[in-house]
Structure formats: C-alpha cells, structure tokens
Amino acid sequence: MDCGVQGGKSYGLLKSQQEEKLNSVNEAFLSDPQYEEEEDLASKLDMFKKKYMEFDLNDKGDIDMMGLKRMLEKLGLAKTHLELKKMMSDVVGGASKDTISYADFLHMMLGKRNAILKLILMFEGMGKEQQQEDSGPPCRKTFSDLP
C-alpha cells in the first residue's frame with residue numbers, strides 16, 4: 001500500500017525549495033550596489049538565511065504573524081497581537097502586510113532603519129557570541145571519563 005510522499009519527505013522538499021528561493025534573493029543582494037559597502041556581506045546573508053529559515057514559515061516561505069509570535073516566544077519575549085502587527089509594519093516599512101518576505105527581512109537587517117525585530121535579533125546574536133566566548137570549547141570526553 002503506497003500512500004504517496006511521507007510528511008517528512010515533503011517537508012524536507014519544501015525546505016530545500018525555500019532555501020533555493022532564499023539563495024536567489026541572496027544572489028540579488030550580493031550584486032546590489034546599495035550593499036556593496038557592506039562588510040562580509042556573503043557571510044551575513046548566509047547567517048540571515050539560516051535565521052530566517054528557523055522562523056516557522058508558512059507554505060509560501062514567508063514569516064507570518066504566528067511564525068513571528070513563535071519565534072519571539074522561543075526567545076522568551078511573548079508579544080501581544082498589536083505589538084506583533086507593529087513589528088511587522090516596522091519590518092516591511094509601514095505597509096500593512098500579513099507576512100514578512102525574505103527580501104523585507106534582509107532590507108531590515110542590512111538597512112539603516114532600526115526595527116524592533118532587528119534589535120532583538122542582534123541582541124540575541126550578541127548574547128550567544130558572548131556565552132560562547134566565556135565558556136570556551138568543551139573538554140573532550142574519552143571512554144575513560146564515562147562512569
């Protein structure tokens with residue numbers, strides 16, 4: 001009895017299609033003269049792509065209100081519906097949209113405008129970097145260390 005493609009497989013396919021779409025947006029940003037002064041643009045774009053894909057994306061590959069809500073909850077920052085709407089309009093530049101596209105996300109992260117979401121993500125990123133610096137690499141365990 002063949003039931004077609006399994007959920008995990010189609011989810012993986014959806015993710016790889018999304019990643020291809022995001023990669024093509026990254027290519028466009030890399031050749032955009034507006035961002036040619038940006039340091040380490042390629043590595044920043046790669047980092048932003050990973051961060052964007054972490055958000056719970058809807059089927060179209062955009063971040064919707066629920067995705068934004070879940071992401072902020074994961075960071076320990078629960079927001080009200082109104083705050084979420086304000087954050088989204090911050091990101092997309094005042095337009096009243098229900099989703100944040102990857103291009104919108106990149107414009108926010110690379111642009112001069114200080115959107116609340118950008119500040120949260122940058123702060124979260126800095127927090128992670130500092131934690132890693134303080135702790136140093138974990139000690140290597142060997143079989144003799146096991147109880």
# chains A, B, ... in the order shown; residues from 1 in each chain; ligands from 1

call {"tool": "select_by_dssp", "arguments": {"residues": "range 35-112 of chain A", "states": "alpha helix (DSSP H)", "output": "VMD selection string"}}
result
chain A and resid 41 to 54 65 to 74 81 to 91 102 to 110

call {"tool": "write_last_selection", "arguments": {"atoms": "N, CA and C atoms", "output": "CSV table (one decimal), in the first residue's frame"}}
result
chain,number,residue,atom,x,y,z
A,41,LEU,N,29.4,40.7,3.5
A,41,LEU,CA,28.0,40.6,3.0
A,41,LEU,C,27.6,39.1,2.8
A,42,ALA,N,28.5,38.3,2.1
A,42,ALA,CA,28.1,36.9,1.9
A,42,ALA,C,27.9,36.1,3.1
A,43,SER,N,28.7,36.3,4.1
A,43,SER,CA,28.6,35.5,5.4
A,43,SER,C,27.4,36.0,6.2
A,44,LYS,N,27.1,37.3,6.1
A,44,LYS,CA,25.9,37.9,6.8
A,44,LYS,C,24.7,37.3,6.2
A,45,LEU,N,24.6,37.3,4.8
A,45,LEU,CA,23.5,36.8,4.1
A,45,LEU,C,23.2,35.3,4.5
A,46,ASP,N,24.3,34.6,4.6
A,46,ASP,CA,24.2,33.2,4.9
A,46,ASP,C,23.6,33.0,6.3
A,47,MET,N,24.1,33.8,7.3
A,47,MET,CA,23.6,33.8,8.6
A,47,MET,C,22.1,34.2,8.7
A,48,PHE,N,21.8,35.3,7.9
A,48,PHE,CA,20.4,35.7,7.9
A,48,PHE,C,19.5,34.7,7.3
A,49,LYS,N,20.0,34.0,6.3
A,49,LYS,CA,19.1,32.9,5.7
A,49,LYS,C,18.8,31.8,6.7
A,50,LYS,N,19.9,31.4,7.5
A,50,LYS,CA,19.6,30.4,8.5
A,50,LYS,C,18.6,30.9,9.5
A,51,LYS,N,18.8,32.1,10.0
A,51,LYS,CA,17.9,32.7,11.0
A,51,LYS,C,16.5,32.7,10.4
A,52,TYR,N,16.3,33.2,9.2
A,52,TYR,CA,15.0,33.3,8.5
A,52,TYR,C,14.3,31.9,8.5
A,53,MET,N,15.1,30.9,8.1
A,53,MET,CA,14.5,29.6,8.0
A,53,MET,C,14.2,28.9,9.3
A,54,GLU,N,14.8,29.5,10.4
A,54,GLU,CA,14.4,29.0,11.7
A,54,GLU,C,13.0,29.4,12.1
A,65,MET,N,2.3,36.0,10.9
A,65,MET,CA,2.2,36.5,12.3
A,65,MET,C,2.5,35.4,13.3
A,66,MET,N,2.0,34.2,13.1
A,66,MET,CA,2.2,33.1,14.0
A,66,MET,C,3.7,32.7,14.1
A,67,GLY,N,4.3,32.8,13.0
A,67,GLY,CA,5.8,32.5,12.9
A,67,GLY,C,6.6,33.4,13.8
A,68,LEU,N,6.2,34.7,13.6
A,68,LEU,CA,6.9,35.8,14.4
A,68,LEU,C,6.6,35.6,15.9
A,69,LYS,N,5.3,35.3,16.2
A,69,LYS,CA,4.9,35.1,17.6
A,69,LYS,C,5.7,33.9,18.2
A,70,ARG,N,5.8,32.8,17.5
A,70,ARG,CA,6.5,31.6,18.0
A,70,ARG,C,8.0,31.9,18.2
A,71,MET,N,8.6,32.6,17.2
A,71,MET,CA,10.0,32.9,17.3
A,71,MET,C,10.3,33.8,18.5
A,72,LEU,N,9.5,34.8,18.7
A,72,LEU,CA,9.7,35.7,19.9
A,72,LEU,C,9.5,34.9,21.2
A,73,GLU,N,8.5,34.0,21.2
A,73,GLU,CA,8.3,33.2,22.4
A,73,GLU,C,9.5,32.3,22.7
A,74,LYS,N,10.1,31.8,21.6
A,74,LYS,CA,11.3,31.0,21.8
A,74,LYS,C,12.4,31.8,22.5
A,81,HIS,N,-0.8,40.8,20.1
A,81,HIS,CA,-1.1,40.8,18.7
A,81,HIS,C,-0.8,42.2,18.2
A,82,LEU,N,-1.1,43.3,18.9
A,82,LEU,CA,-0.8,44.6,18.5
A,82,LEU,C,0.6,44.9,18.3
A,83,GLU,N,1.4,44.4,19.3
A,83,GLU,CA,2.9,44.6,19.2
A,83,GLU,C,3.5,43.8,18.0
A,84,LEU,N,2.9,42.6,17.7
A,84,LEU,CA,3.4,41.8,16.6
A,84,LEU,C,3.1,42.6,15.3
A,85,LYS,N,1.8,43.2,15.2
A,85,LYS,CA,1.5,43.9,14.0
A,85,LYS,C,2.4,45.1,13.8
A,86,LYS,N,2.7,45.8,14.9
A,86,LYS,CA,3.7,47.0,14.8
A,86,LYS,C,5.0,46.5,14.3
A,87,MET,N,5.5,45.4,14.9
A,87,MET,CA,6.8,44.8,14.5
A,87,MET,C,6.8,44.5,13.0
A,88,MET,N,5.8,43.9,12.5
A,88,MET,CA,5.7,43.5,11.1
A,88,MET,C,5.7,44.8,10.2
A,89,SER,N,4.9,45.8,10.6
A,89,SER,CA,4.9,47.0,9.8
A,89,SER,C,6.3,47.7,9.9
A,90,ASP,N,7.0,47.6,11.0
A,90,ASP,CA,8.4,48.1,11.1
A,90,ASP,C,9.2,47.5,10.0
A,91,VAL,N,9.1,46.2,9.9
A,91,VAL,CA,10.0,45.4,9.0
A,91,VAL,C,9.7,45.7,7.6
A,102,TYR,N,11.5,37.3,2.6
A,102,TYR,CA,12.9,37.3,2.9
A,102,TYR,C,13.6,38.6,2.5
A,103,ALA,N,13.1,39.2,1.4
A,103,ALA,CA,13.7,40.4,0.9
A,103,ALA,C,13.4,41.5,2.0
A,104,ASP,N,12.2,41.5,2.5
A,104,ASP,CA,11.8,42.5,3.6
A,104,ASP,C,12.8,42.3,4.8
A,105,PHE,N,13.0,41.0,5.1
A,105,PHE,CA,13.8,40.7,6.3
A,105,PHE,C,15.2,41.2,6.0
A,106,LEU,N,15.8,41.0,4.8
A,106,LEU,CA,17.2,41.4,4.5
A,106,LEU,C,17.3,42.9,4.5
A,107,HIS,N,16.3,43.6,4.0
A,107,HIS,CA,16.3,45.1,4.0
A,107,HIS,C,16.3,45.6,5.4
A,108,MET,N,15.6,44.9,6.3
A,108,MET,CA,15.6,45.3,7.7
A,108,MET,C,16.9,45.1,8.3
A,109,MET,N,17.5,43.9,8.1
A,109,MET,CA,18.8,43.5,8.8
A,109,MET,C,20.0,44.3,8.2
A,110,LEU,N,19.9,44.7,6.9
A,110,LEU,CA,21.0,45.4,6.3
A,110,LEU,C,20.8,46.9,6.3

call {"tool": "residues_around", "arguments": {"residues": "Asp62 in chain A", "least_positions_apart": "4", "cutoff": "7 Å", "atoms": "only C-alpha atoms", "output": "count of residues only"}}
result
6

call {"tool": "atom_distance", "arguments": {"atom1": "CA of Gly12 in chain A", "atom2": "CA of Glu27 in chain A"}}
result
22.4 Å

call {"tool": "atom_distance", "arguments": {"atom1": "CA of Leu75 in chain A", "atom2": "CA of Ile120 in chain A"}}
result
8.9 Å

call {"tool": "select_by_dssp", "arguments": {"residues": "range 10-136 of chain A", "states": "strand (DSSP E)", "output": "list in words"}}
result
Ile63, Asp64, Thr99 and Ile100 of chain A
